[in-house]
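Novice: The structure file coords-v7.cif (mmCIF, C-alpha atoms and all ligand atoms) is provided below.
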```
data_final
#
loop_
_atom_site.label_atom_id
_atom_site.label_comp_id
_atom_site.auth_asym_id
_atom_site.auth_seq_id
_atom_site.Cartn_x
_atom_site.Cartn_y
_atom_site.Cartn_z
CA MET I 600 -23.57 -24.55 -4.08
CA LYS I 601 -23.64 -21.73 -1.54
CA TYR I 602 -20.15 -20.42 -1.06
CA LYS I 603 -18.95 -18.66 2.07
CA THR I 604 -17.89 -15.01 1.82
CA LEU I 605 -14.42 -14.30 0.50
CA TYR I 606 -12.79 -11.50 2.48
CA GLY I 607 -9.94 -9.21 1.46
CA VAL I 608 -8.57 -8.04 4.78
CA GLY I 609 -6.31 -5.00 5.09
CA VAL I 610 -3.80 -5.70 7.86
CA GLY I 611 -2.21 -2.26 7.98
CA PRO I 612 1.29 -0.99 7.24
CA GLY I 613 3.33 -3.01 9.74
CA ALA I 614 2.55 -2.30 13.38
CA PRO I 615 0.22 -5.05 14.69
CA ASP I 616 -1.72 -2.51 16.76
CA LEU I 617 -2.79 -0.77 13.53
CA LEU I 618 -5.02 -3.71 12.62
CA THR I 619 -8.68 -2.74 12.88
CA LEU I 620 -11.08 -4.56 15.19
CA ARG I 621 -12.99 -5.76 12.11
CA ALA I 622 -9.81 -7.15 10.57
CA ILE I 623 -8.97 -9.05 13.78
CA ARG I 624 -12.50 -10.46 14.01
CA THR I 625 -12.55 -11.51 10.35
CA LEU I 626 -9.11 -13.13 10.49
CA ARG I 627 -9.93 -15.05 13.67
CA ARG I 628 -13.25 -16.35 12.33
CA ALA I 629 -12.00 -17.51 8.93
CA ASP I 630 -11.43 -21.18 8.17
CA VAL I 631 -8.48 -20.27 5.95
CA VAL I 632 -6.20 -17.23 6.23
CA VAL I 633 -4.36 -16.61 2.96
CA LEU I 634 -0.93 -15.00 3.27
CA PRO I 635 0.65 -13.68 0.07
CA ARG I 636 4.43 -13.57 -0.30
CA SER I 637 6.72 -12.71 -3.19
CA SER I 638 8.89 -15.83 -3.07
CA PRO I 639 8.43 -19.36 -1.70
CA TYR I 640 11.52 -18.81 0.45
CA GLY I 641 10.78 -15.26 1.52
CA GLN I 642 8.74 -13.87 4.35
CA SER I 643 5.12 -12.85 4.06
CA VAL I 644 4.80 -9.27 5.35
CA ALA I 645 1.12 -9.94 6.05
CA TRP I 646 2.07 -12.97 8.18
CA GLU I 647 4.57 -10.92 10.20
CA ILE I 648 1.72 -8.52 11.02
CA VAL I 649 -1.03 -11.05 11.83
CA LYS I 650 0.85 -13.98 13.34
CA SER I 651 0.29 -12.85 16.91
CA ILE I 652 -3.46 -12.42 16.51
CA VAL I 653 -4.69 -15.32 14.35
CA ARG I 654 -5.93 -18.56 15.85
CA LYS I 655 -3.40 -21.23 16.55
CA ALA I 656 -6.29 -23.70 16.54
CA PRO I 657 -5.97 -26.71 14.19
CA GLN I 658 -9.30 -25.84 12.54
CA GLN I 659 -7.76 -22.74 10.95
CA GLU I 660 -5.42 -23.15 8.00
CA HIS I 661 -2.67 -20.60 7.20
CA LEU I 662 -2.20 -20.86 3.46
CA PHE I 663 0.88 -19.16 1.98
CA LEU I 664 0.54 -18.28 -1.71
CA THR I 665 3.43 -17.00 -3.80
CA PHE I 666 2.97 -14.04 -6.17
CA PRO I 667 6.34 -13.07 -7.66
CA MET I 668 7.22 -9.39 -8.07
CA SER I 669 7.70 -9.34 -11.81
CA ARG I 670 6.73 -7.32 -14.85
CA GLU I 671 6.42 -10.51 -16.93
CA PRO I 672 2.70 -11.35 -17.37
CA ALA I 673 3.50 -15.08 -17.81
CA ARG I 674 4.92 -15.33 -14.28
CA HIS I 675 1.78 -13.74 -12.84
CA ILE I 676 -0.50 -16.04 -14.84
CA ASP I 677 1.33 -19.15 -13.58
CA ALA I 678 1.17 -17.91 -10.00
CA TRP I 679 -2.53 -17.09 -10.26
CA ASN I 680 -3.41 -20.44 -11.86
CA LEU I 681 -1.77 -22.18 -8.94
CA ALA I 682 -3.48 -19.85 -6.47
CA PHE I 683 -6.92 -20.29 -8.08
CA GLY I 684 -6.52 -24.07 -7.85
CA LYS I 685 -5.72 -23.92 -4.13
CA LEU I 686 -8.38 -21.33 -3.35
CA GLY I 687 -11.03 -23.08 -5.47
CA GLU I 688 -10.51 -26.38 -3.68
CA ARG I 689 -11.24 -24.67 -0.37
CA ILE I 690 -14.06 -22.38 -1.61
CA GLU I 691 -15.86 -25.39 -3.10
CA ARG I 692 -15.60 -27.23 0.22
CA GLY I 693 -17.59 -24.33 1.74
CA LEU I 694 -14.70 -22.86 3.72
CA SER I 695 -14.52 -19.16 4.58
CA ILE I 696 -11.41 -17.41 3.35
CA ALA I 697 -9.70 -14.24 4.60
CA PHE I 698 -7.05 -13.02 2.17
CA ALA I 699 -4.69 -10.83 4.21
CA THR I 700 -3.19 -7.87 2.38
CA GLU I 701 -0.61 -5.47 3.69
CA GLY I 702 -1.99 -1.93 4.06
CA ASP I 703 -5.39 -1.59 2.41
CA PRO I 704 -6.76 -4.20 -0.05
CA SER I 705 -7.92 -1.57 -2.56
CA LEU I 706 -4.52 -0.01 -3.21
CA TYR I 707 -2.01 -1.88 -5.40
CA SER I 708 -2.85 -5.16 -3.72
CA THR I 709 -2.79 -8.72 -5.04
CA PHE I 710 -6.34 -9.07 -3.76
CA ILE I 711 -7.74 -6.73 -6.45
CA TYR I 712 -7.30 -9.39 -9.12
CA LEU I 713 -9.04 -11.99 -6.98
CA GLN I 714 -11.86 -9.55 -6.22
CA ARG I 715 -12.52 -9.25 -9.96
CA GLU I 716 -12.05 -12.93 -10.85
CA ALA I 717 -13.82 -14.65 -7.94
CA PRO I 718 -17.43 -13.93 -9.07
CA LEU I 719 -16.59 -15.25 -12.54
CA ARG I 720 -15.07 -18.48 -11.23
CA TRP I 721 -17.51 -19.05 -8.36
CA PRO I 722 -20.82 -17.44 -9.42
CA GLY I 723 -22.79 -16.08 -6.49
CA ILE I 724 -19.79 -15.78 -4.16
CA LYS I 725 -19.90 -12.68 -1.94
CA VAL I 726 -16.66 -10.72 -1.84
CA GLU I 727 -16.16 -8.31 1.02
CA VAL I 728 -13.33 -5.85 1.61
CA VAL I 729 -12.20 -5.04 5.14
CA PRO I 730 -10.32 -1.75 4.77
CA GLY I 731 -6.94 -1.34 6.40
CA VAL I 732 -4.59 1.50 7.32
CA SER I 733 -2.76 2.13 4.08
CA SER I 734 0.91 3.11 3.83
CA ILE I 735 -0.50 6.33 2.35
CA ALA I 736 -1.87 7.15 5.79
CA ALA I 737 1.05 5.67 7.74
CA VAL I 738 3.85 7.61 6.02
CA PRO I 739 2.38 11.07 6.72
CA ALA I 740 1.79 9.98 10.32
CA VAL I 741 5.39 8.89 10.98
CA THR I 742 7.01 11.79 9.09
CA GLY I 743 4.72 14.58 10.28
CA VAL I 744 4.23 15.57 6.62
CA PRO I 745 0.47 16.03 6.05
CA LEU I 746 -1.00 14.70 2.83
CA ALA I 747 -3.14 17.71 2.00
CA ASP I 748 -4.65 20.79 3.54
CA GLY I 749 -7.42 23.05 2.26
CA LEU I 750 -7.71 22.51 -1.47
CA GLU I 751 -4.31 20.90 -2.01
CA ARG I 752 -4.06 18.13 -4.56
CA ILE I 753 -2.31 14.76 -4.14
CA ALA I 754 -0.78 12.48 -6.76
CA ILE I 755 -0.10 8.80 -6.04
CA ILE I 756 2.45 7.32 -8.42
CA PRO I 757 3.63 3.71 -8.79
CA ALA I 758 7.16 4.81 -9.67
CA GLY I 759 8.38 1.32 -10.51
CA TYR I 760 6.47 1.43 -13.79
CA GLY I 761 8.20 4.52 -15.18
CA VAL I 762 8.57 8.10 -14.10
CA ASP I 763 8.76 9.96 -17.41
CA ASP I 764 6.20 12.56 -16.38
CA LEU I 765 7.50 13.10 -12.87
CA ILE I 766 8.67 16.69 -13.35
CA ASP I 767 5.23 17.64 -14.61
CA ILE I 768 3.56 15.83 -11.71
CA PHE I 769 5.80 17.49 -9.11
CA GLN I 770 4.85 20.86 -10.57
CA ARG I 771 1.12 20.18 -10.77
CA PHE I 772 0.44 18.56 -7.39
CA ASP I 773 1.03 19.89 -3.88
CA THR I 774 1.93 16.45 -2.54
CA THR I 775 3.29 13.50 -4.50
CA ILE I 776 3.46 10.00 -3.07
CA LEU I 777 5.94 7.77 -4.88
CA MET I 778 5.29 4.10 -4.22
CA LYS I 779 7.07 0.99 -5.53
CA ILE I 780 10.20 3.07 -6.01
CA GLY I 781 12.57 0.08 -6.43
CA SER I 782 14.80 0.58 -9.43
CA GLU I 783 13.64 4.14 -10.20
CA MET I 784 15.51 5.86 -7.38
CA SER I 785 18.07 7.60 -9.57
CA ASN I 786 15.39 8.94 -11.97
CA ILE I 787 13.36 10.18 -9.00
CA PHE I 788 16.43 11.93 -7.56
CA ALA I 789 17.10 13.59 -10.94
CA ALA I 790 13.50 14.87 -11.22
CA LEU I 791 13.61 16.19 -7.65
CA LYS I 792 16.87 17.99 -8.37
CA GLU I 793 15.56 19.51 -11.57
CA THR I 794 12.44 20.85 -9.84
CA GLY I 795 14.38 22.05 -6.76
CA LEU I 796 12.35 19.75 -4.50
CA THR I 797 15.08 17.50 -3.07
CA ASP I 798 14.79 19.18 0.33
CA LYS I 799 11.02 18.74 0.32
CA ALA I 800 11.14 14.97 -0.09
CA VAL I 801 11.28 12.36 2.68
CA TYR I 802 12.06 8.66 2.22
CA VAL I 803 10.35 6.14 4.51
CA SER I 804 10.82 2.43 4.58
CA LYS I 805 8.62 0.00 6.55
CA ALA I 806 6.63 2.79 8.19
CA THR I 807 5.27 1.82 11.64
CA ALA I 808 7.05 -1.57 11.65
CA SER I 809 9.91 -2.27 14.06
CA GLN I 810 12.42 -1.83 11.16
CA GLN I 811 11.04 1.61 10.19
CA ARG I 812 13.60 3.95 8.59
CA ILE I 813 13.06 7.63 7.84
CA VAL I 814 15.58 9.60 5.76
CA ARG I 815 14.92 13.35 5.55
CA ASP I 816 18.00 14.17 3.48
CA LEU I 817 17.78 12.11 0.30
CA ARG I 818 21.48 12.76 -0.41
CA GLU I 819 22.18 10.17 2.30
CA LEU I 820 20.53 7.43 0.22
CA THR I 821 22.22 5.23 -2.36
CA PRO I 822 20.22 5.84 -5.57
CA GLU I 823 20.61 2.27 -6.86
CA ARG I 824 18.97 0.62 -3.90
CA GLY I 825 15.34 0.83 -2.95
CA ASP I 826 13.54 -1.17 -0.31
CA CYS I 827 10.40 -2.99 -1.57
CA PHE I 828 8.44 -1.39 1.26
CA ALA I 829 9.59 2.16 0.80
CA MET I 830 7.93 5.35 -0.27
CA ILE I 831 8.98 8.93 -0.98
CA ILE I 832 6.63 11.72 0.00
CA VAL I 833 7.21 15.07 -1.67
CA SER I 834 5.35 18.02 -0.22
CA ARG I 835 5.79 21.42 -1.87
CA LYS I 836 4.41 23.12 1.27
CA GLU I 837 3.78 26.27 -0.73
CA ARG I 838 0.18 26.83 0.24
CA THR I 839 -0.83 27.22 3.84
CA GLY I 840 -4.20 26.27 5.19
CA VAL I 841 -6.69 28.99 6.05
CA LEU I 842 -5.70 28.93 9.72
CA ALA I 843 -1.98 28.22 9.35
CA GLY I 844 1.17 30.08 8.42
CA ASP I 845 1.98 33.74 7.84
CA THR I 846 -0.42 34.37 4.97
CA PRO I 847 -3.38 36.44 6.19
CA PRO I 848 -6.61 34.38 6.02
CA GLU I 849 -8.27 36.91 3.66
CA LYS I 850 -5.38 36.47 1.18
CA VAL I 851 -5.59 32.65 1.38
CA LEU I 852 -9.36 32.75 0.84
CA ASP I 853 -8.88 35.14 -2.05
CA GLU I 854 -6.27 32.83 -3.64
CA LEU I 855 -8.48 29.79 -3.16
CA SER I 856 -11.49 31.48 -4.75
CA ASN I 857 -9.29 32.47 -7.69
CA GLY I 858 -8.35 28.82 -8.16
CA HIS I 859 -4.67 29.09 -7.06
C1 LIG I 901 2.12 -3.51 -3.52
S1 LIG I 901 2.02 -1.93 -2.81
C2 LIG I 901 0.88 -2.27 -1.50
C3 LIG I 901 0.26 -1.05 -0.90
C4 LIG I 901 -0.66 -1.39 0.25
N1 LIG I 901 -1.83 -2.09 -0.21
C5 LIG I 901 -1.07 -0.17 1.04
O1 LIG I 901 -2.28 0.12 1.16
O2 LIG I 901 -0.19 0.49 1.59
C6 LIG I 901 3.56 -1.91 -2.02
C7 LIG I 901 4.12 -0.48 -1.92
O3 LIG I 901 3.46 0.22 -0.87
C8 LIG I 901 4.38 1.04 -0.19
N2 LIG I 901 4.39 0.60 1.22
C9 LIG I 901 3.66 -0.40 1.72
N3 LIG I 901 3.87 -0.49 3.04
C10 LIG I 901 4.73 0.47 3.38
C11 LIG I 901 5.30 0.88 4.60
N4 LIG I 901 5.01 0.25 5.74
N5 LIG I 901 6.18 1.92 4.58
C12 LIG I 901 6.46 2.55 3.43
N6 LIG I 901 5.93 2.23 2.23
C13 LIG I 901 5.08 1.19 2.21
C14 LIG I 901 5.72 0.89 -0.87
O4 LIG I 901 5.86 1.93 -1.80
C15 LIG I 901 5.59 -0.46 -1.55
O5 LIG I 901 6.41 -0.54 -2.68
#
```
Take the structure in the file and write it out as structure tokens.
Ligand SMILES: C[S@@+](CC[C@H](N)C(=O)[O-])C[C@H]1O[C@@H](n2cnc3c(N)ncnc32)[C@H](O)[C@@H]1O
Specialist:
Amino acid sequence: MKYKTLYGVGVGPGAPDLLTLRAIRTLRRADVVVLPRSSPYGQSVAWEIVKSIVRKAPQQEHLFLTFPMSREPARHIDAWNLAFGKLGERIERGLSIAFATEGDPSLYSTFIYLQREAPLRWPGIKVEVVPGVSSIAAVPAVTGVPLADGLERIAIIPAGYGVDDLIDIFQRFDTTILMKIGSEMSNIFAALKETGLTDKAVYVSKATASQQRIVRDLRELTPERGDCFAMIIVSRKERTGVLAGDTPPEKVLDELSNGH
């Protein structure tokens, strides 16, 4: 059986005009557009982004699949078994599938598991990733806080899975991106306080979407509550680029060549 290509399509961080041309073309051509959501009653963020651009034609199916946000492996296995059943039925009928993922499909996305499993379940299937604008690119854009300059180093941390080494990370990297912050807000605040970086952190929720919220003074936030689509960017801003700031270029070049 020759299967059609399975696409993982990045639909960007929220604003519909941040979808790429390739994403729009792939979503419009697919027989089935898969829209992940975290609860059968909740919204699909991917759907909110793509609903105005996908075909309303009856020959395209919009398939909502539920993947609960949980740390319990059993809940994920149940959800995936259900999803594989529904996807398999369509893949075996020779339908083309575009799995829409918020941001970019290669960063903390549900699609990654499917990308690994699909060739085992449907040998010979071609899996293609259509990259999207990740929240990692969107948050610096809306805050005006660059990710890195010159030789600066960046750490990307899924905070929701523990932040025991955060103080060390803050000290070792020029920029730290804290994703999936959920229940870890108070630990993050404590680590920022201890390292004296509270004023160098910015909180952003739903960057680029109509509900975007930017908080530049973290003291205004309630530590217990974290939006599921929020990120904290911490930029030490200690090193200037070769052409920026007050440091004379020869001193910056000297520091860089000495590995500082
Ligand atoms: C499951 S990960 C998905 C990341 C996505 N694949 C990407 O490339 O941005 C979800 C996390 O990404 C971050 N995130 C995603 N979209 C965001 C947005 N529009 N604004 C701020 N943070 C966002 C949040 O930290 C959220 O907890």
Novice: Can you work out which residues are within 8 Å of ligand LIG 901 (chain I), considering all atoms listed in the file, and then hand them over as a PyMOL selection string?
Specialist: chain I and resi 609+611-613+700-709+731-735+737-738+757+777-781+803-808+811+826-831
Novice: Which one is closest to Met668 of chain I: I:Arg628, I:Pro639, I:Asp853, I:Tyr602? Count all atoms listed in the file.
Specialist: I:Pro639
Novice: What's around Leu662 of chain I at 10 Å? Count all atoms listed in the file, leave out sequence neighbours fewer than 6 positions away in its own chain, and write the answer as a list in words.
Specialist: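 Listing them by chain and then by number gives Val631, Val632, Val633, Leu634, Pro635, Lys685, Leu686, Ile696 and Phe698 of chain I.
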Novice: With C-alpha atoms retained, write the just-selected residues as a PDB file, keeping the file's coordinate frame.
Specialist:
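So out.pdb came out as:
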```
ATOM      1  CA  VAL I 631      -8.480 -20.270   5.950  1.00  0.00           C
ATOM      2  CA  VAL I 632      -6.200 -17.230   6.230  1.00  0.00           C
ATOM      3  CA  VAL I 633      -4.360 -16.610   2.960  1.00  0.00           C
ATOM      4  CA  LEU I 634      -0.930 -15.000   3.270  1.00  0.00           C
ATOM      5  CA  PRO I 635       0.650 -13.680   0.070  1.00  0.00           C
ATOM      6  CA  LYS I 685      -5.720 -23.920  -4.130  1.00  0.00           C
ATOM      7  CA  LEU I 686      -8.380 -21.330  -3.350  1.00  0.00           C
ATOM      8  CA  ILE I 696     -11.410 -17.410   3.350  1.00  0.00           C
ATOM      9  CA  PHE I 698      -7.050 -13.020   2.170  1.00  0.00           C
TER      10      PHE I 698
END
```
Novice: Which residue is closest to Pro667 of chain I? Choose from I:Arg692, I:Lys655, I:Lys836, I:Arg636 and count only C-alpha atoms.
Specialist: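 Looking at the shortest contact to Pro667 of chain I, the residue is I:Arg636.
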Novice: So, counting only C-alpha atoms, which residue among I:Pro745, I:Ala740, I:Gly723, I:Arg835 is closest to Ile768 of chain I?
Specialist: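 Using only C-alpha atoms, Ile768 of chain I sits closest to I:Arg835.
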Novice: Name all residues at most 12 Å from Arg670 of chain I (count only C-alpha atoms; drop same-chain ones fewer than 6 positions away) and give them as a PyMOL selection string.
Specialist: chain I and resi 676+759-761
Novice: Padding 5 Å on each side, edges along x, y and z: where is the centre of the box around the listed atoms of segment 665-673 of chain I, and how long are its edges in Å to one decimal? Output it as JSON.
Specialist:
```
{"center_x": 5.2, "center_y": -12.2, "center_z": -10.8, "size_x": 15.0, "size_y": 19.7, "size_z": 24.0}
```
Novice: Which one of I:Ser782, I:Thr794, I:Ser695, I:Asn680 sits closest to Glu727 of chain I if you count all atoms listed in the file?
Specialist: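 Smallest separation from Glu727 of chain I among the options: I:Ser695.
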Novice: Enter the distance from atom CA of Val728 of chain I to atom CA of Tyr606 of chain I, in Å, rounded to one decimal.
Specialist: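 Computing it gives 5.7 Å between the two atoms.
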